[in-house]
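First up is the structure itself, then whatever we jot down about it.
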Amino acid sequence: MTCAPDCAHKRAYESEYEAQRVAEHQMGKTPGLELRVYECDGCEKYHLTSKP
Ligand SMILES: [Zn+2]
């Protein structure tokens with residue numbers, strides 16, 4: 001199993017719901033910020049990314 005380099009330094013969330021809540025919170029604090037939740041192949045948890 002290959003782990004994305006993201007895993008080492010990125011916060012991982014146990015559920016998509018939790019990740020989405022955090023994303024919305026951060027977008028609320030930072031105008032113009034666009035965050036997306038994605039399921040990680042490496043750790044099988046969820047991370048946030050600002051990339052499309
Ligand atoms: Zn991961």
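We name chains A, B, ... following the order of the structure tokens; residues begin at 1 in each chain, and ligands are numbered from 1 as shown.
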
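With only C-alpha atoms and all ligand atoms counted, the chains near ligand 1 contribute these residues within 6 Å: Cys7, Cys40, Gly42, Cys43 and Lys45 of chain A.
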
| Where in chain A does DSSP assign strand (DSSP E or B), given as a VMD selection string? | chain A and resid 13 36 to 39 46 to 49

Same residues, N, CA, C and O atoms, output as a JSON list (two decimals), in the first residue's frame:
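Dumped to out_34.json:
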[["chain", "number", "residue", "atom", "x", "y", "z"],
["A", 13, "TYR", "N", -8.80, 12.77, 9.43],
["A", 13, "TYR", "CA", -10.07, 12.71, 10.14],
["A", 13, "TYR", "C", -10.69, 11.33, 10.00],
["A", 13, "TYR", "O", -10.60, 10.71, 8.94],
["A", 36, "ARG", "N", -11.58, 20.94, 0.21],
["A", 36, "ARG", "CA", -12.28, 19.77, -0.28],
["A", 36, "ARG", "C", -11.86, 18.59, 0.58],
["A", 36, "ARG", "O", -10.71, 18.48, 0.99],
["A", 37, "VAL", "N", -12.81, 17.73, 0.85],
["A", 37, "VAL", "CA", -12.53, 16.53, 1.63],
["A", 37, "VAL", "C", -12.23, 15.39, 0.67],
["A", 37, "VAL", "O", -12.93, 15.21, -0.32],
["A", 38, "TYR", "N", -11.19, 14.64, 0.95],
["A", 38, "TYR", "CA", -10.95, 13.45, 0.13],
["A", 38, "TYR", "C", -10.55, 12.28, 1.00],
["A", 38, "TYR", "O", -9.95, 12.43, 2.06],
["A", 39, "GLU", "N", -10.93, 11.11, 0.53],
["A", 39, "GLU", "CA", -10.59, 9.89, 1.25],
["A", 39, "GLU", "C", -9.20, 9.47, 0.83],
["A", 39, "GLU", "O", -8.89, 9.40, -0.36],
["A", 46, "TYR", "N", -9.64, 10.60, 6.21],
["A", 46, "TYR", "CA", -9.98, 11.73, 5.36],
["A", 46, "TYR", "C", -9.05, 12.90, 5.61],
["A", 46, "TYR", "O", -8.71, 13.19, 6.76],
["A", 47, "HIS", "N", -8.66, 13.56, 4.54],
["A", 47, "HIS", "CA", -7.85, 14.76, 4.65],
["A", 47, "HIS", "C", -8.58, 15.90, 3.96],
["A", 47, "HIS", "O", -9.51, 15.69, 3.19],
["A", 48, "LEU", "N", -8.07, 17.10, 4.21],
["A", 48, "LEU", "CA", -8.57, 18.27, 3.52],
["A", 48, "LEU", "C", -7.52, 18.75, 2.54],
["A", 48, "LEU", "O", -6.33, 18.70, 2.82],
["A", 49, "THR", "N", -7.97, 19.23, 1.41],
["A", 49, "THR", "CA", -7.06, 19.83, 0.45],
["A", 49, "THR", "C", -7.68, 21.08, -0.13],
["A", 49, "THR", "O", -8.91, 21.18, -0.24]]

| request: Quick one: pick out all helix (DSSP H, G or I) residues within chain A from a backbone DSSP run and write them as a list in words. | output: Asp6, Cys7, Ala8, His9, Glu16, Tyr17, Glu18, Ala19, Gln20, Arg21, Val22, Ala23, Glu24, His25, Gln26, Met27, Gly28 and Lys29 of chain A

Store the residues picked out above in a file with all heavy atoms, as a short mmCIF file (atom, residue, chain, number, x, y, z; two decimals), in the first residue's frame.
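Written out: part.cif:
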data_model
loop_
_atom_site.label_atom_id
_atom_site.label_comp_id
_atom_site.auth_asym_id
_atom_site.auth_seq_id
_atom_site.Cartn_x
_atom_site.Cartn_y
_atom_site.Cartn_z
N ASP A 6 1.15 13.28 1.88
CA ASP A 6 0.26 14.09 2.71
C ASP A 6 0.09 13.52 4.11
O ASP A 6 -0.02 14.26 5.08
CB ASP A 6 -1.14 14.14 2.08
CG ASP A 6 -1.15 15.01 0.84
OD1 ASP A 6 -0.13 15.63 0.54
OD2 ASP A 6 -2.20 15.06 0.18
N CYS A 7 0.07 12.23 4.21
CA CYS A 7 -0.28 11.59 5.47
C CYS A 7 0.64 12.00 6.61
O CYS A 7 0.22 12.11 7.74
CB CYS A 7 -0.23 10.08 5.32
SG CYS A 7 -1.55 9.47 4.30
N ALA A 8 1.91 12.18 6.26
CA ALA A 8 2.90 12.44 7.30
C ALA A 8 2.63 13.75 8.04
O ALA A 8 2.84 13.84 9.24
CB ALA A 8 4.29 12.45 6.70
N HIS A 9 2.18 14.74 7.31
CA HIS A 9 2.08 16.05 7.94
C HIS A 9 0.66 16.59 7.95
O HIS A 9 0.41 17.65 8.50
CB HIS A 9 3.02 17.04 7.26
CG HIS A 9 2.76 17.21 5.80
ND1 HIS A 9 3.37 16.43 4.86
CD2 HIS A 9 1.96 18.05 5.12
CE1 HIS A 9 2.95 16.82 3.67
NE2 HIS A 9 2.08 17.78 3.80
N GLU A 16 -15.78 11.31 7.10
CA GLU A 16 -15.98 12.36 6.11
C GLU A 16 -16.77 13.51 6.74
O GLU A 16 -16.51 14.68 6.47
CB GLU A 16 -16.74 11.77 4.92
CG GLU A 16 -16.86 12.75 3.77
CD GLU A 16 -17.44 12.07 2.53
OE1 GLU A 16 -17.93 10.94 2.63
OE2 GLU A 16 -17.39 12.70 1.46
N TYR A 17 -17.70 13.15 7.60
CA TYR A 17 -18.52 14.17 8.24
C TYR A 17 -17.66 15.11 9.08
O TYR A 17 -17.80 16.34 9.02
CB TYR A 17 -19.57 13.46 9.12
CG TYR A 17 -20.39 14.41 9.95
CD1 TYR A 17 -21.39 15.19 9.36
CD2 TYR A 17 -20.19 14.53 11.32
CE1 TYR A 17 -22.14 16.06 10.12
CE2 TYR A 17 -20.94 15.41 12.09
CZ TYR A 17 -21.92 16.17 11.49
OH TYR A 17 -22.66 17.04 12.25
N GLU A 18 -16.76 14.54 9.87
CA GLU A 18 -15.89 15.36 10.71
C GLU A 18 -15.01 16.26 9.85
O GLU A 18 -14.83 17.44 10.14
CB GLU A 18 -15.04 14.44 11.58
CG GLU A 18 -14.20 15.22 12.59
CD GLU A 18 -13.22 14.32 13.34
OE1 GLU A 18 -13.24 13.09 13.14
OE2 GLU A 18 -12.43 14.87 14.11
N ALA A 19 -14.44 15.69 8.80
CA ALA A 19 -13.57 16.47 7.92
C ALA A 19 -14.33 17.62 7.29
O ALA A 19 -13.83 18.74 7.17
CB ALA A 19 -12.98 15.56 6.84
N GLN A 20 -15.57 17.35 6.90
CA GLN A 20 -16.39 18.38 6.26
C GLN A 20 -16.69 19.51 7.24
O GLN A 20 -16.66 20.69 6.88
CB GLN A 20 -17.69 17.75 5.76
CG GLN A 20 -18.53 18.68 4.90
CD GLN A 20 -17.82 19.09 3.62
OE1 GLN A 20 -17.28 18.25 2.91
NE2 GLN A 20 -17.81 20.37 3.32
N ARG A 21 -16.94 19.16 8.48
CA ARG A 21 -17.21 20.18 9.49
C ARG A 21 -16.00 21.07 9.70
O ARG A 21 -16.13 22.28 9.82
CB ARG A 21 -17.60 19.52 10.82
CG ARG A 21 -19.01 19.02 10.81
CD ARG A 21 -19.49 18.70 12.20
NE ARG A 21 -19.28 19.83 13.12
CZ ARG A 21 -19.56 19.80 14.40
NH1 ARG A 21 -20.03 18.71 14.95
NH2 ARG A 21 -19.37 20.85 15.16
N VAL A 22 -14.84 20.47 9.76
CA VAL A 22 -13.61 21.25 9.95
C VAL A 22 -13.36 22.13 8.73
O VAL A 22 -12.98 23.30 8.86
CB VAL A 22 -12.41 20.32 10.21
CG1 VAL A 22 -11.11 21.11 10.23
CG2 VAL A 22 -12.60 19.59 11.53
N ALA A 23 -13.60 21.58 7.55
CA ALA A 23 -13.41 22.35 6.31
C ALA A 23 -14.30 23.59 6.33
O ALA A 23 -13.86 24.70 6.02
CB ALA A 23 -13.72 21.48 5.10
N GLU A 24 -15.54 23.41 6.73
CA GLU A 24 -16.47 24.54 6.74
C GLU A 24 -16.06 25.58 7.78
O GLU A 24 -16.17 26.78 7.55
CB GLU A 24 -17.89 24.02 7.00
CG GLU A 24 -18.47 23.41 5.74
CD GLU A 24 -19.77 22.67 6.00
OE1 GLU A 24 -20.37 22.84 7.07
OE2 GLU A 24 -20.19 21.92 5.09
N HIS A 25 -15.56 25.10 8.90
CA HIS A 25 -15.09 26.01 9.94
C HIS A 25 -13.93 26.85 9.41
O HIS A 25 -13.88 28.06 9.61
CB HIS A 25 -14.66 25.19 11.16
CG HIS A 25 -14.11 26.01 12.28
ND1 HIS A 25 -14.92 26.79 13.09
CD2 HIS A 25 -12.85 26.19 12.72
CE1 HIS A 25 -14.15 27.40 13.98
NE2 HIS A 25 -12.90 27.07 13.79
N GLN A 26 -12.98 26.20 8.76
CA GLN A 26 -11.80 26.92 8.26
C GLN A 26 -12.16 27.87 7.13
O GLN A 26 -11.63 28.96 7.04
CB GLN A 26 -10.75 25.91 7.79
CG GLN A 26 -10.35 24.98 8.91
CD GLN A 26 -8.87 24.64 8.88
OE1 GLN A 26 -8.19 24.83 7.88
NE2 GLN A 26 -8.38 24.11 9.98
N MET A 27 -13.08 27.45 6.28
CA MET A 27 -13.50 28.32 5.19
C MET A 27 -14.25 29.54 5.75
O MET A 27 -14.17 30.62 5.19
CB MET A 27 -14.37 27.55 4.19
CG MET A 27 -13.54 26.58 3.35
SD MET A 27 -14.47 25.80 2.01
CE MET A 27 -15.46 24.61 2.92
N GLY A 28 -14.92 29.33 6.87
CA GLY A 28 -15.61 30.44 7.52
C GLY A 28 -14.64 31.47 8.06
O GLY A 28 -14.93 32.66 8.10
N LYS A 29 -13.47 31.00 8.49
CA LYS A 29 -12.47 31.91 9.06
C LYS A 29 -11.64 32.59 7.98
O LYS A 29 -11.06 33.64 8.22
CB LYS A 29 -11.51 31.12 9.97
CG LYS A 29 -12.11 30.75 11.30
CD LYS A 29 -11.02 30.36 12.29
CE LYS A 29 -10.15 29.23 11.76
NZ LYS A 29 -9.22 28.72 12.80
#
